[in-house]
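Colleague: One structure follows; several queries about it will come next.
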Amino acid sequence: MSKDYIFSKERHMDESDVKMLTVDKVTQQTDEEVLLRFNVPALYDPGQFFQVSLFGIGEAPISICSCSEDYFEMSVRGVGNLSKQLCQLKEGDSVGLRGPYGNGYHLQNFVGDSAIVIAGGCGVAPVRGVVQYLKEHRNDYKDIALFFGFRAEKDILFEEDYQAWKEKNMDVDVVLSDKSSRPDMKHGLITDILDTPILQTNEKKIVFICGPPPMIKAVCKVLLDKGFHKDQIYISEERQMKCAVGRCGHCMINGKYCCTDGPVFRYDELCEESEGYKEEGK
Amino acid sequence: MNRLQHSSDGLALGKDQMHRLLDALKEYGELIGPVHDGQWLRMQTFSKYEELCLKGISWFTSKEYFFPQRQVLFQFDGHSLTRQEEFPKRVLFGLRLCDLNAIAVNDKLFLEQEPQHREYKGYREGLTLVGLWCDEVQDKYCFCSSMELEHFYDICLYDRGDYYHIKAGSEKGQEILEKLQLLPNGPYEKEFPTGEMKLSTKDIAKFFDKNQVWQKGAKECLSCGDCTTLCPTCMCFDVQDEVEVDLTKGFRIQKWDSCMYKDFTLVAGGHVYRNTRLNRFKHRIYHKLVYFPQKFERYMCTGCGRCIRGCPTKIDWIGLVNEMEGETQ
Ligand code: SF4
Ligand code: SF4
Ligand code: FES
């Protein structure tokens with residue numbers, strides 16, 4: 001049975017094709033992050049994003065952090081002009097949307113494998129859709145382990161979901177970098193909690209990483225040292241995006257477009273000896 | 001554009017008969033051609049053949065006529081949006097093969113991938129392209145014969161002294177020429193002209209590590225963006241909102257942008273991905289000769305030479321590539 005999808009990954013919206021939608025639910029997640037929910041049927045993959053706009057302020061890419069055909073959610077961190085305003089939205093307010101864009105995580109390609117998700121800070125939001133998907137399709141995958149890092153207790157995202165994930169036999173391991181007063185959360189960096197059995201061998205495993213670039217770099221190094229291959233690792237990239245449809249040029253990483261070829265890339269697609277990944281002189 | 005199979009067969013049109021062609025073309029839109037305004041040779045509105053300057057290459061490209069420097073994507077008023085519905089009809093007259101091919105390149109990006117760019121499409125469908133073949137290169141900066149150009153036009157004119165050999169390259173061109181009832185002029189063909197500037201290789205990915213040579217160019221670069229502004233294939237753009245004082249009405253606009261500007265790759269949080277002149281300079285050339293062809297199977301440069309001709313420090317990237325190629329021989 002096909003629904004009447006308001007947004008669909010099969011339908012490409014151009015730069016001037018913006019749809020107005022009202023926010024159905026606003027949840028303050030942390031001091032800096034707000035979760036926006038839209039109860040409209042939409043067809044998207046975890047890891048894809050919407051171009052979200054407030055007229056007069058502008059437009060920016062915000063990743064989808066849910067996994068459902070009946071609604072979608074986006075976690076917004078108030079750092080830029082637009083995102084700060086988005087964090088002020090109330091239920092019933094309107095925003096402009098076009099999308100979904102980008103290449104998300106294609107989890108159906110890894111049925112039978114063990115899945116490992118490693119994310120830091122607001123990088124947890126884009127992979128939350130991945131985790132929701134894994135939960136819905138728990139029997140399709142072997143072991144599932146999640147490693148999340150936040151600065152402090154007040155920065156923790158989606159904690160309300162952890163219990164349900166654990167009940168589905170998914171390991172959730174959280175580390176806090178400032179200090180931890182929680183017995184269930186270690187103090188340290190994300191790379192400090194990766195010495196666990198599930199990461200000892202790379203056999204039939206797939207790893208999804210999302211977070212700030214230095215974290216991604218450090219985590220990839222740990223994984224490669226453990227014997228993981230670059231083609232088992234998927235990372236999520238961030239670039240300035242304007243058109244989101246592969247022509248304004250802003251998001252190019254070498255010959256790849258972060259908006260259409262990414263934002264999720266297999267690690268070996270990017271880290272060759274290529275521009276952007278090499279330090280060069282002034 | 002429904003293109004015809006290339007043929008060298010054409011018709012003859014006396015130069016004293018050009019008003020007939022122009023009259024027929026007027027039916028297809030406003031006439032725009034190379035006019036010298038005292039300072040610049042530039043694509044501008046004209047009405048008579050005598051106004052045209054058909055020697056030399058226009059300093060600016062014609063892209064402003066289908067990809068305006070400032071394009072309104074929509075107008076907003078509160079929460080309601082209005083998009084542009086009407087697009088002008090225009091005849092671009094006397095375009096050189098480099099600029100015609102540039103439009104074929106632009107089409108790849110804006111029309112031949114999903115989604116099509118709605119506004120580009122609007123302008124582009126209103127265009128009629130009339131080319132003028134170059135018998136010789138226009139100056140020392142032209143290197144079109146290195147760039148594997150193709151026949152891409154509605155109509156093309158070849159100068160034969162007191163008349164033009166004129167031929168159609170599309171169904172629309174054929175339709176226009178049929179109205180003129182000209183005499184057949186048999187086959188006539190000309191090579192792409194070659195001057196002193198030649199690109200010795202386009203396979204530049206192999207030069208990635210030759211930083212010292214790239215550096216020679218980067219060192220001279222002012223990051224002014226003139227090269228990309230003048231380039232007929234540079235179509236990168238920014239998107240911004242312009243708002244009226246009441247803060248509820250305004251425009252979402254698209255503006256020309258340049259990969260040579262430092263803030264082009266700035267992300268929220270302050271990081272600039274291509275933060276050195278060297279990697280911006282290399283990116284521009286790589287985009288043209290490596291990245292674009294990987295995706296669209298043609299070069300994103302047509303050898304018009306404007307990026308060197310118009311560069312305040314005359315950075316000759318062709319020379320740099322040739323130097324690197326020479327070293328590897
Ligand atoms: S890169 Fe330079 S020579 Fe090539 S099309 Fe652009 S302006 Fe012309
Ligand atoms: S025109 Fe010349 S100086 Fe200006 S950005 Fe381009 S290469 Fe650099
Ligand atoms: S955001 Fe415009 S090309 Fe990717």
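Labeling convention for the structure tokens: chains A, B, ... as they appear, residues from 1 per chain, ligands from 1 in order of appearance.
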Give me the residues near stretch 246-253 of chain B as a PyMOL selection string, where near means some atom within 8 Å (using only C-alpha atoms) and where sequence neighbours in that chain fewer than 6 positions away do not count.
Modeller: (chain A and resi 55-56+58) or (chain B and resi 70-78+239-240)
Colleague: Keeping only all heavy atoms, write those residues as a compact mmCIF listing (two decimals), in the first residue's frame.
Modeller:
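Here's the written file again34.txt:
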```txt
# COMPACT_ATOMS: atom_id res chain seq x y z
N PHE A 55 12.48 32.09 6.27
CA PHE A 55 12.63 33.15 5.28
C PHE A 55 13.17 34.42 5.92
O PHE A 55 12.71 34.86 6.97
CB PHE A 55 11.31 33.41 4.57
CG PHE A 55 10.83 32.18 3.87
CD1 PHE A 55 9.49 31.84 3.85
CD2 PHE A 55 11.75 31.34 3.24
CE1 PHE A 55 9.07 30.69 3.22
CE2 PHE A 55 11.34 30.18 2.60
CZ PHE A 55 9.98 29.86 2.59
N GLY A 56 14.15 34.98 5.24
CA GLY A 56 14.78 36.17 5.76
C GLY A 56 16.07 35.84 6.50
O GLY A 56 16.93 36.69 6.65
N GLY A 58 17.62 32.35 6.14
CA GLY A 58 18.36 31.53 5.20
C GLY A 58 18.01 30.07 5.28
O GLY A 58 16.96 29.71 5.83
N ARG B 70 22.57 37.77 -10.19
CA ARG B 70 21.65 37.67 -9.05
C ARG B 70 20.34 37.12 -9.59
O ARG B 70 19.72 37.76 -10.43
CB ARG B 70 21.43 39.05 -8.44
CG ARG B 70 20.37 39.09 -7.33
CD ARG B 70 20.13 40.54 -6.90
NE ARG B 70 19.02 40.66 -5.96
CZ ARG B 70 17.73 40.70 -6.31
NH1 ARG B 70 17.39 40.61 -7.58
NH2 ARG B 70 16.79 40.81 -5.38
N GLN B 71 19.97 35.95 -9.13
CA GLN B 71 18.74 35.32 -9.62
C GLN B 71 17.79 35.11 -8.44
O GLN B 71 18.17 34.50 -7.44
CB GLN B 71 19.09 33.97 -10.27
CG GLN B 71 17.89 33.06 -10.53
CD GLN B 71 16.98 33.61 -11.60
OE1 GLN B 71 17.43 34.09 -12.64
NE2 GLN B 71 15.67 33.57 -11.35
N VAL B 72 16.57 35.60 -8.58
CA VAL B 72 15.58 35.36 -7.53
C VAL B 72 15.06 33.94 -7.66
O VAL B 72 14.59 33.53 -8.72
CB VAL B 72 14.41 36.36 -7.64
CG1 VAL B 72 13.30 36.00 -6.66
CG2 VAL B 72 14.91 37.78 -7.39
N LEU B 73 15.20 33.16 -6.60
CA LEU B 73 14.65 31.80 -6.63
C LEU B 73 13.17 31.86 -6.27
O LEU B 73 12.36 31.16 -6.86
CB LEU B 73 15.40 30.90 -5.65
CG LEU B 73 16.84 30.56 -6.04
CD1 LEU B 73 17.55 29.82 -4.91
CD2 LEU B 73 16.89 29.71 -7.31
N PHE B 74 12.85 32.67 -5.28
CA PHE B 74 11.45 32.97 -5.01
C PHE B 74 11.35 34.22 -4.17
O PHE B 74 12.32 34.66 -3.56
CB PHE B 74 10.72 31.80 -4.33
CG PHE B 74 11.38 31.27 -3.08
CD1 PHE B 74 11.27 31.95 -1.87
CD2 PHE B 74 12.09 30.08 -3.11
CE1 PHE B 74 11.86 31.46 -0.73
CE2 PHE B 74 12.69 29.58 -1.97
CZ PHE B 74 12.58 30.27 -0.77
N GLN B 75 10.18 34.77 -4.20
CA GLN B 75 9.89 35.94 -3.39
C GLN B 75 9.04 35.42 -2.24
O GLN B 75 8.18 34.57 -2.45
CB GLN B 75 9.08 36.90 -4.25
CG GLN B 75 8.95 38.26 -3.68
CD GLN B 75 8.31 39.23 -4.66
OE1 GLN B 75 7.99 38.86 -5.79
NE2 GLN B 75 8.11 40.45 -4.23
N PHE B 76 9.30 35.87 -1.03
CA PHE B 76 8.44 35.41 0.06
C PHE B 76 7.75 36.58 0.71
O PHE B 76 8.26 37.70 0.75
CB PHE B 76 9.23 34.58 1.10
CG PHE B 76 10.46 35.27 1.65
CD1 PHE B 76 10.37 36.14 2.73
CD2 PHE B 76 11.70 35.02 1.10
CE1 PHE B 76 11.50 36.76 3.24
CE2 PHE B 76 12.84 35.63 1.60
CZ PHE B 76 12.75 36.51 2.68
N ASP B 77 6.55 36.31 1.19
CA ASP B 77 5.76 37.30 1.89
C ASP B 77 5.10 36.51 3.01
O ASP B 77 4.17 35.74 2.78
CB ASP B 77 4.74 37.91 0.93
CG ASP B 77 3.96 39.03 1.61
OD1 ASP B 77 4.13 39.21 2.84
OD2 ASP B 77 3.17 39.70 0.91
N GLY B 78 5.62 36.67 4.20
CA GLY B 78 5.17 35.82 5.29
C GLY B 78 5.55 34.40 4.96
O GLY B 78 6.72 34.10 4.76
N VAL B 239 23.59 30.90 -2.12
CA VAL B 239 22.16 31.15 -1.94
C VAL B 239 22.00 31.99 -0.67
O VAL B 239 22.60 31.67 0.35
CB VAL B 239 21.38 29.82 -1.80
CG1 VAL B 239 19.90 30.09 -1.56
CG2 VAL B 239 21.56 28.96 -3.05
N GLN B 240 21.26 33.08 -0.78
CA GLN B 240 21.10 33.98 0.37
C GLN B 240 19.67 34.50 0.43
O GLN B 240 18.96 34.45 -0.56
CB GLN B 240 21.99 35.23 0.20
CG GLN B 240 23.45 34.95 0.07
CD GLN B 240 24.24 36.20 -0.29
OE1 GLN B 240 23.68 37.29 -0.46
NE2 GLN B 240 25.54 36.03 -0.44
```
Colleague: Do you know which residues are within 6 Å of ligand 2 using only C-alpha atoms and all ligand atoms? Can you write them as a list in words?
Modeller: Cys221, Leu222, Ser223, Cys224, Gly225, Asp226, Cys227, Met260, Cys311, Pro312, Thr313 and Ile315 of chain B
Colleague: Take the residues from that selection and write them out as a short mmCIF file (atom, residue, chain, number, x, y, z; two decimals), in the first residue's frame, keeping all heavy atoms.
Modeller:
```cif
data_model
loop_
_atom_site.label_atom_id
_atom_site.label_comp_id
_atom_site.auth_asym_id
_atom_site.auth_seq_id
_atom_site.Cartn_x
_atom_site.Cartn_y
_atom_site.Cartn_z
N CYS B 221 48.40 34.45 -7.01
CA CYS B 221 46.95 34.59 -7.00
C CYS B 221 46.48 35.52 -5.89
O CYS B 221 46.95 35.45 -4.76
CB CYS B 221 46.30 33.21 -6.83
SG CYS B 221 44.51 33.28 -6.73
N LEU B 222 45.55 36.41 -6.24
CA LEU B 222 45.03 37.38 -5.27
C LEU B 222 43.70 36.95 -4.68
O LEU B 222 43.09 37.68 -3.91
CB LEU B 222 44.82 38.74 -5.97
CG LEU B 222 45.96 39.25 -6.87
CD1 LEU B 222 45.51 40.50 -7.61
CD2 LEU B 222 47.19 39.54 -6.04
N SER B 223 43.21 35.77 -5.09
CA SER B 223 41.88 35.30 -4.66
C SER B 223 40.80 36.32 -4.99
O SER B 223 39.85 36.49 -4.23
CB SER B 223 41.85 34.99 -3.16
OG SER B 223 42.77 34.00 -2.84
N CYS B 224 40.95 36.99 -6.13
CA CYS B 224 39.99 38.03 -6.49
C CYS B 224 38.75 37.43 -7.14
O CYS B 224 37.69 38.05 -7.18
CB CYS B 224 40.63 39.05 -7.42
SG CYS B 224 41.09 38.33 -9.01
N GLY B 225 38.90 36.23 -7.72
CA GLY B 225 37.75 35.58 -8.36
C GLY B 225 37.43 36.10 -9.76
O GLY B 225 36.42 35.72 -10.34
N ASP B 226 38.29 36.94 -10.34
CA ASP B 226 38.02 37.42 -11.71
C ASP B 226 37.96 36.25 -12.69
O ASP B 226 37.15 36.24 -13.61
CB ASP B 226 39.13 38.38 -12.16
CG ASP B 226 38.98 39.75 -11.53
OD1 ASP B 226 38.07 39.91 -10.70
OD2 ASP B 226 39.78 40.65 -11.86
N CYS B 227 38.84 35.26 -12.48
CA CYS B 227 38.90 34.13 -13.40
C CYS B 227 37.56 33.40 -13.46
O CYS B 227 37.10 33.03 -14.53
CB CYS B 227 40.01 33.17 -12.98
SG CYS B 227 40.02 32.77 -11.23
N MET B 260 37.48 30.48 -5.54
CA MET B 260 38.76 31.13 -5.24
C MET B 260 38.65 31.97 -3.96
O MET B 260 39.65 32.42 -3.43
CB MET B 260 39.22 32.00 -6.42
CG MET B 260 39.34 31.25 -7.73
SD MET B 260 40.50 29.87 -7.66
CE MET B 260 42.04 30.74 -7.98
N CYS B 311 42.97 37.82 -15.79
CA CYS B 311 43.58 37.70 -14.46
C CYS B 311 44.51 38.89 -14.23
O CYS B 311 45.36 39.19 -15.07
CB CYS B 311 44.36 36.39 -14.38
SG CYS B 311 45.39 36.20 -12.92
N PRO B 312 44.36 39.58 -13.10
CA PRO B 312 45.20 40.76 -12.87
C PRO B 312 46.68 40.44 -12.85
O PRO B 312 47.50 41.30 -13.16
CB PRO B 312 44.73 41.29 -11.52
CG PRO B 312 43.87 40.24 -10.92
CD PRO B 312 43.37 39.39 -12.04
N THR B 313 47.04 39.20 -12.50
CA THR B 313 48.47 38.86 -12.50
C THR B 313 48.81 37.87 -13.62
O THR B 313 49.89 37.29 -13.63
CB THR B 313 48.91 38.30 -11.13
OG1 THR B 313 48.16 37.12 -10.86
CG2 THR B 313 48.69 39.30 -10.00
N ILE B 315 48.01 34.80 -14.46
CA ILE B 315 48.50 33.48 -14.09
C ILE B 315 48.20 32.49 -15.21
O ILE B 315 47.05 32.20 -15.52
CB ILE B 315 47.87 33.00 -12.78
CG1 ILE B 315 48.26 33.95 -11.65
CG2 ILE B 315 48.32 31.57 -12.46
CD1 ILE B 315 47.51 33.71 -10.36
#
```
Colleague: Return as JSON, numbers by chain every polymer residue, whether protein, DNA or RNA, with at least one atom no more than 12 Å from an atom of ligand 3; count only C-alpha atoms and all ligand atoms.
Modeller: {"A": [14, 15, 49, 50, 51, 59, 60, 61, 101, 102, 103, 237, 238, 239, 240, 241, 242, 243, 244, 245, 246, 247, 248, 249, 250, 251, 252, 253, 254, 255, 256, 257, 258, 259, 260, 261, 262, 263], "B": [109, 110, 117, 235, 236, 237, 238, 239, 254, 257, 259, 264, 265, 267]}
Colleague: Would you export the selected residues with N, CA and C atoms as a compact mmCIF listing (two decimals), in the first residue's frame, please?
Modeller:
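What landed in again-v1.txt:
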```
# COMPACT_ATOMS: atom_id res chain seq x y z
N ASP A 14 13.99 21.02 -6.51
CA ASP A 14 15.07 21.94 -6.87
C ASP A 14 15.17 23.08 -5.86
N GLU A 15 16.09 23.99 -6.11
CA GLU A 15 16.44 25.03 -5.13
C GLU A 15 15.28 25.95 -4.77
N PHE A 49 19.38 14.25 4.72
CA PHE A 49 19.13 15.53 5.39
C PHE A 49 18.09 16.34 4.63
N PHE A 50 17.55 17.33 5.32
CA PHE A 50 16.66 18.30 4.68
C PHE A 50 17.37 19.64 4.63
N GLN A 51 17.04 20.46 3.62
CA GLN A 51 17.42 21.87 3.63
C GLN A 51 16.28 22.58 4.34
N GLU A 59 18.91 29.27 4.76
CA GLU A 59 18.65 27.84 4.61
C GLU A 59 19.91 27.08 5.01
N ALA A 60 19.73 25.93 5.66
CA ALA A 60 20.89 25.12 6.03
C ALA A 60 20.50 23.65 6.08
N PRO A 61 21.50 22.79 5.87
CA PRO A 61 21.22 21.34 5.92
C PRO A 61 21.11 20.87 7.37
N TYR A 101 17.64 14.90 0.99
CA TYR A 101 18.80 14.89 0.09
C TYR A 101 19.89 13.99 0.62
N GLY A 102 20.78 13.67 -0.27
CA GLY A 102 22.01 12.98 0.10
C GLY A 102 21.85 11.48 0.10
N ASN A 103 23.01 10.90 0.23
CA ASN A 103 23.12 9.46 0.24
C ASN A 103 23.16 9.05 1.70
N GLU A 237 30.30 13.18 6.55
CA GLU A 237 31.07 14.40 6.36
C GLU A 237 30.21 15.65 6.47
N GLU A 238 30.84 16.75 6.78
CA GLU A 238 30.12 18.01 6.88
C GLU A 238 30.80 19.03 5.96
N ARG A 239 30.03 19.70 5.15
CA ARG A 239 30.58 20.76 4.30
C ARG A 239 29.55 21.88 4.22
N GLN A 240 29.98 23.04 3.70
CA GLN A 240 29.02 24.10 3.43
C GLN A 240 28.14 23.60 2.28
N MET A 241 26.82 23.67 2.48
CA MET A 241 25.92 23.23 1.41
C MET A 241 24.96 24.36 1.08
N LYS A 242 24.77 24.59 -0.19
CA LYS A 242 23.87 25.65 -0.63
C LYS A 242 22.74 25.08 -1.47
N CYS A 243 23.08 24.31 -2.51
CA CYS A 243 22.02 23.83 -3.39
C CYS A 243 21.48 22.47 -2.93
N ALA A 244 22.37 21.63 -2.38
CA ALA A 244 22.04 20.27 -1.94
C ALA A 244 21.75 19.31 -3.08
N VAL A 245 21.89 19.76 -4.32
CA VAL A 245 21.59 18.88 -5.44
C VAL A 245 22.77 18.74 -6.41
N GLY A 246 23.96 19.06 -5.95
CA GLY A 246 25.14 18.77 -6.75
C GLY A 246 25.48 19.76 -7.85
N ARG A 247 25.31 21.08 -7.61
CA ARG A 247 25.76 22.00 -8.65
C ARG A 247 26.30 23.33 -8.16
N CYS A 248 26.08 23.70 -6.92
CA CYS A 248 26.58 25.02 -6.49
C CYS A 248 28.07 24.97 -6.21
N GLY A 249 28.61 23.77 -6.05
CA GLY A 249 30.05 23.60 -5.91
C GLY A 249 30.59 23.71 -4.49
N HIS A 250 29.79 24.20 -3.58
CA HIS A 250 30.32 24.47 -2.23
C HIS A 250 30.79 23.24 -1.48
N CYS A 251 30.12 22.12 -1.68
CA CYS A 251 30.38 20.97 -0.82
C CYS A 251 31.38 19.99 -1.41
N MET A 252 32.04 20.37 -2.50
CA MET A 252 32.91 19.39 -3.16
C MET A 252 34.10 18.96 -2.30
N ILE A 253 34.31 17.65 -2.27
CA ILE A 253 35.48 17.08 -1.63
C ILE A 253 36.20 16.34 -2.74
N ASN A 254 37.27 16.89 -3.24
CA ASN A 254 37.87 16.38 -4.47
C ASN A 254 36.77 16.34 -5.52
N GLY A 255 36.59 15.23 -6.18
CA GLY A 255 35.57 15.17 -7.22
C GLY A 255 34.21 14.77 -6.71
N LYS A 256 34.08 14.54 -5.41
CA LYS A 256 32.80 14.08 -4.86
C LYS A 256 31.99 15.24 -4.31
N TYR A 257 30.68 15.10 -4.42
CA TYR A 257 29.80 16.11 -3.84
C TYR A 257 29.27 15.58 -2.52
N CYS A 258 29.52 16.33 -1.46
CA CYS A 258 29.06 15.89 -0.15
C CYS A 258 27.53 15.80 -0.13
N CYS A 259 26.86 16.66 -0.91
CA CYS A 259 25.40 16.71 -0.86
C CYS A 259 24.72 15.56 -1.59
N THR A 260 25.35 15.04 -2.65
CA THR A 260 24.69 13.97 -3.40
C THR A 260 25.42 12.63 -3.29
N ASP A 261 26.75 12.66 -3.31
CA ASP A 261 27.51 11.41 -3.15
C ASP A 261 27.59 11.06 -1.67
N GLY A 262 27.49 12.06 -0.80
CA GLY A 262 27.53 11.89 0.65
C GLY A 262 26.20 12.28 1.21
N PRO A 263 26.07 12.75 2.44
CA PRO A 263 27.18 13.02 3.37
C PRO A 263 27.82 11.76 3.94
N LEU B 109 25.20 20.29 -16.09
CA LEU B 109 25.05 20.52 -14.67
C LEU B 109 23.61 20.87 -14.28
N PHE B 110 22.96 21.67 -15.12
CA PHE B 110 21.67 22.23 -14.73
C PHE B 110 20.46 21.51 -15.32
N HIS B 117 17.44 22.46 -12.92
CA HIS B 117 17.36 23.77 -12.27
C HIS B 117 16.26 24.56 -12.97
N MET B 235 30.06 28.00 -12.82
CA MET B 235 28.66 28.26 -12.50
C MET B 235 28.39 28.10 -11.01
N CYS B 236 29.42 28.08 -10.18
CA CYS B 236 29.19 27.91 -8.75
C CYS B 236 28.41 29.10 -8.21
N PHE B 237 27.51 28.83 -7.27
CA PHE B 237 26.70 29.92 -6.76
C PHE B 237 26.46 29.81 -5.26
N ASP B 238 26.06 30.94 -4.71
CA ASP B 238 25.71 31.02 -3.31
C ASP B 238 24.20 31.23 -3.24
N VAL B 239 23.59 30.90 -2.12
CA VAL B 239 22.16 31.15 -1.94
C VAL B 239 22.00 31.99 -0.67
N GLN B 254 19.95 33.63 -5.62
CA GLN B 254 21.11 32.82 -5.97
C GLN B 254 22.11 33.78 -6.59
N ASP B 257 29.23 32.84 -7.23
CA ASP B 257 30.21 32.71 -6.16
C ASP B 257 31.50 32.18 -6.77
N CYS B 259 35.05 29.65 -6.12
CA CYS B 259 35.84 28.71 -5.30
C CYS B 259 37.18 29.32 -4.95
N PHE B 264 34.44 30.25 0.70
CA PHE B 264 33.62 29.34 -0.12
C PHE B 264 33.37 28.01 0.60
N THR B 265 34.35 27.55 1.37
CA THR B 265 34.20 26.25 2.05
C THR B 265 34.10 26.39 3.56
N VAL B 267 32.50 26.36 7.09
CA VAL B 267 31.33 25.70 7.68
C VAL B 267 31.01 26.34 9.03
```
Colleague: Counting only C-alpha atoms and all ligand atoms, name the residues that have an atom within 8 Å of an atom of ligand 1; the answer should be given as a list in words.
Modeller: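 Listing the residues within 8 Å of ligand 1 gives Cys98, Asp99, Ala102, Cys142, Phe143, Cys144, Cys227, Thr228, Leu230, Cys231, Pro232, Thr233, Cys234, Ile285, Lys288, Met300, Cys301, Thr302, Gly303, Cys304, Gly305, Arg306, Cys307 and Ile308 of chain B.
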Colleague: What does the file look like for those residues with N, CA and C atoms, as a short mmCIF file (atom, residue, chain, number, x, y, z; two decimals), in the first residue's frame?
Modeller:
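Okay, again_30.cif is ready:
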```
data_model
loop_
_atom_site.label_atom_id
_atom_site.label_comp_id
_atom_site.auth_asym_id
_atom_site.auth_seq_id
_atom_site.Cartn_x
_atom_site.Cartn_y
_atom_site.Cartn_z
N CYS B 98 33.87 28.35 -28.36
CA CYS B 98 34.19 28.12 -26.94
C CYS B 98 32.96 28.45 -26.09
N ASP B 99 32.29 29.54 -26.40
CA ASP B 99 31.14 29.95 -25.58
C ASP B 99 29.91 29.09 -25.85
N ALA B 102 30.51 26.02 -23.95
CA ALA B 102 30.33 26.28 -22.52
C ALA B 102 28.87 26.06 -22.14
N CYS B 142 43.79 32.16 -26.54
CA CYS B 142 42.84 31.13 -26.96
C CYS B 142 43.55 29.78 -27.09
N PHE B 143 42.89 28.73 -26.56
CA PHE B 143 43.45 27.38 -26.78
C PHE B 143 42.34 26.35 -27.01
N CYS B 144 41.28 26.79 -27.71
CA CYS B 144 40.12 25.92 -27.89
C CYS B 144 40.45 24.62 -28.59
N CYS B 227 38.84 35.26 -12.48
CA CYS B 227 38.90 34.13 -13.40
C CYS B 227 37.56 33.40 -13.46
N THR B 228 36.94 33.22 -12.31
CA THR B 228 35.69 32.46 -12.29
C THR B 228 34.52 33.32 -12.77
N LEU B 230 34.73 35.58 -15.09
CA LEU B 230 34.82 35.69 -16.55
C LEU B 230 34.63 34.36 -17.25
N CYS B 231 34.78 33.28 -16.53
CA CYS B 231 34.74 31.96 -17.16
C CYS B 231 33.31 31.56 -17.54
N PRO B 232 33.12 31.11 -18.77
CA PRO B 232 31.77 30.71 -19.19
C PRO B 232 31.30 29.38 -18.60
N THR B 233 32.21 28.59 -18.02
CA THR B 233 31.78 27.31 -17.45
C THR B 233 31.76 27.32 -15.93
N CYS B 234 32.25 28.40 -15.31
CA CYS B 234 32.21 28.49 -13.84
C CYS B 234 30.80 28.91 -13.43
N ILE B 285 41.41 24.17 -11.13
CA ILE B 285 41.90 23.49 -12.33
C ILE B 285 41.50 22.01 -12.31
N LYS B 288 37.95 21.50 -13.37
CA LYS B 288 37.75 21.63 -14.81
C LYS B 288 38.24 20.43 -15.59
N MET B 300 35.38 20.70 -18.30
CA MET B 300 34.65 21.88 -17.88
C MET B 300 35.48 23.12 -18.23
N CYS B 301 36.07 23.10 -19.39
CA CYS B 301 36.85 24.24 -19.88
C CYS B 301 36.78 24.15 -21.38
N THR B 302 36.60 25.29 -22.03
CA THR B 302 36.47 25.25 -23.48
C THR B 302 37.58 26.05 -24.16
N GLY B 303 38.58 26.43 -23.38
CA GLY B 303 39.75 27.07 -23.97
C GLY B 303 39.56 28.50 -24.43
N CYS B 304 38.60 29.21 -23.83
CA CYS B 304 38.34 30.59 -24.24
C CYS B 304 39.45 31.54 -23.79
N GLY B 305 40.21 31.11 -22.78
CA GLY B 305 41.36 31.91 -22.33
C GLY B 305 41.01 33.08 -21.42
N ARG B 306 39.74 33.28 -21.10
CA ARG B 306 39.36 34.47 -20.31
C ARG B 306 39.99 34.48 -18.92
N CYS B 307 40.16 33.27 -18.34
CA CYS B 307 40.68 33.23 -16.98
C CYS B 307 42.13 33.69 -16.91
N ILE B 308 42.83 33.64 -18.04
CA ILE B 308 44.21 34.13 -18.06
C ILE B 308 44.22 35.57 -18.57
#
```
Colleague: Excluding stretch 183-195 of chain A and residues on its chain fewer than 2 positions from it, collect all residues at most 9 Å away from it, counting only C-alpha atoms, and give them as a ChimeraX atom specification.
Modeller: /A:118-120,147-150,173-181,197-200,215,218-219,222-223
Colleague: Excluding same-chain residues fewer than 6 positions from A:Tyr5, what lies within 9 Å of it counting only C-alpha atoms, as a PyMOL selection string?
Modeller: chain A and resi 40-43+69-70
Colleague: Those selected residues, please, written with N, CA and C atoms and delivered as a short mmCIF file (atom, residue, chain, number, x, y, z; two decimals), in the first residue's frame.
Modeller:
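Printed below is selection_10.cif as written:
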```cif
data_model
loop_
_atom_site.label_atom_id
_atom_site.label_comp_id
_atom_site.auth_asym_id
_atom_site.auth_seq_id
_atom_site.Cartn_x
_atom_site.Cartn_y
_atom_site.Cartn_z
N VAL A 40 4.33 14.00 9.25
CA VAL A 40 3.84 13.85 7.87
C VAL A 40 4.52 12.64 7.26
N PRO A 41 3.82 11.92 6.38
CA PRO A 41 4.44 10.76 5.75
C PRO A 41 5.61 11.20 4.86
N ALA A 42 6.73 10.55 5.05
CA ALA A 42 7.92 10.90 4.27
C ALA A 42 8.76 9.65 4.06
N LEU A 43 9.37 9.58 2.90
CA LEU A 43 10.17 8.41 2.55
C LEU A 43 11.63 8.84 2.49
N GLU A 69 8.13 5.93 8.29
CA GLU A 69 7.50 6.49 7.09
C GLU A 69 6.38 7.45 7.45
N ASP A 70 6.10 7.55 8.74
CA ASP A 70 4.95 8.35 9.16
C ASP A 70 5.32 9.73 9.70
#
```
Colleague: In terms of the shortest atom-to-atom distance over only C-alpha atoms, which of A:Ser68, A:Gln48, A:Ser63, A:Thr201 is closest to A:Gln132?
Modeller: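 Once distances to A:Gln132 are computed over only C-alpha atoms, the minimum belongs to A:Ser68.
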Colleague: Between atom CA of B:Asn2 and atom CA of B:Phe60, measure the distance and give it in Å to one decimal.
Modeller: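 Here the two named atoms are 27.3 Å from each other.
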Colleague: Among stretch 37-275 of chain A, which ones does DSSP place in alpha helix (DSSP H), written as an NGL selection string?
Modeller: :A and (81-86 or 124-136 or 159-167 or 213-225 or 267-270)
Colleague: What is the atom CA of A:Ile64-atom CA of A:Tyr44 distance in Å, reported with one decimal?
Modeller: 8.6 Å
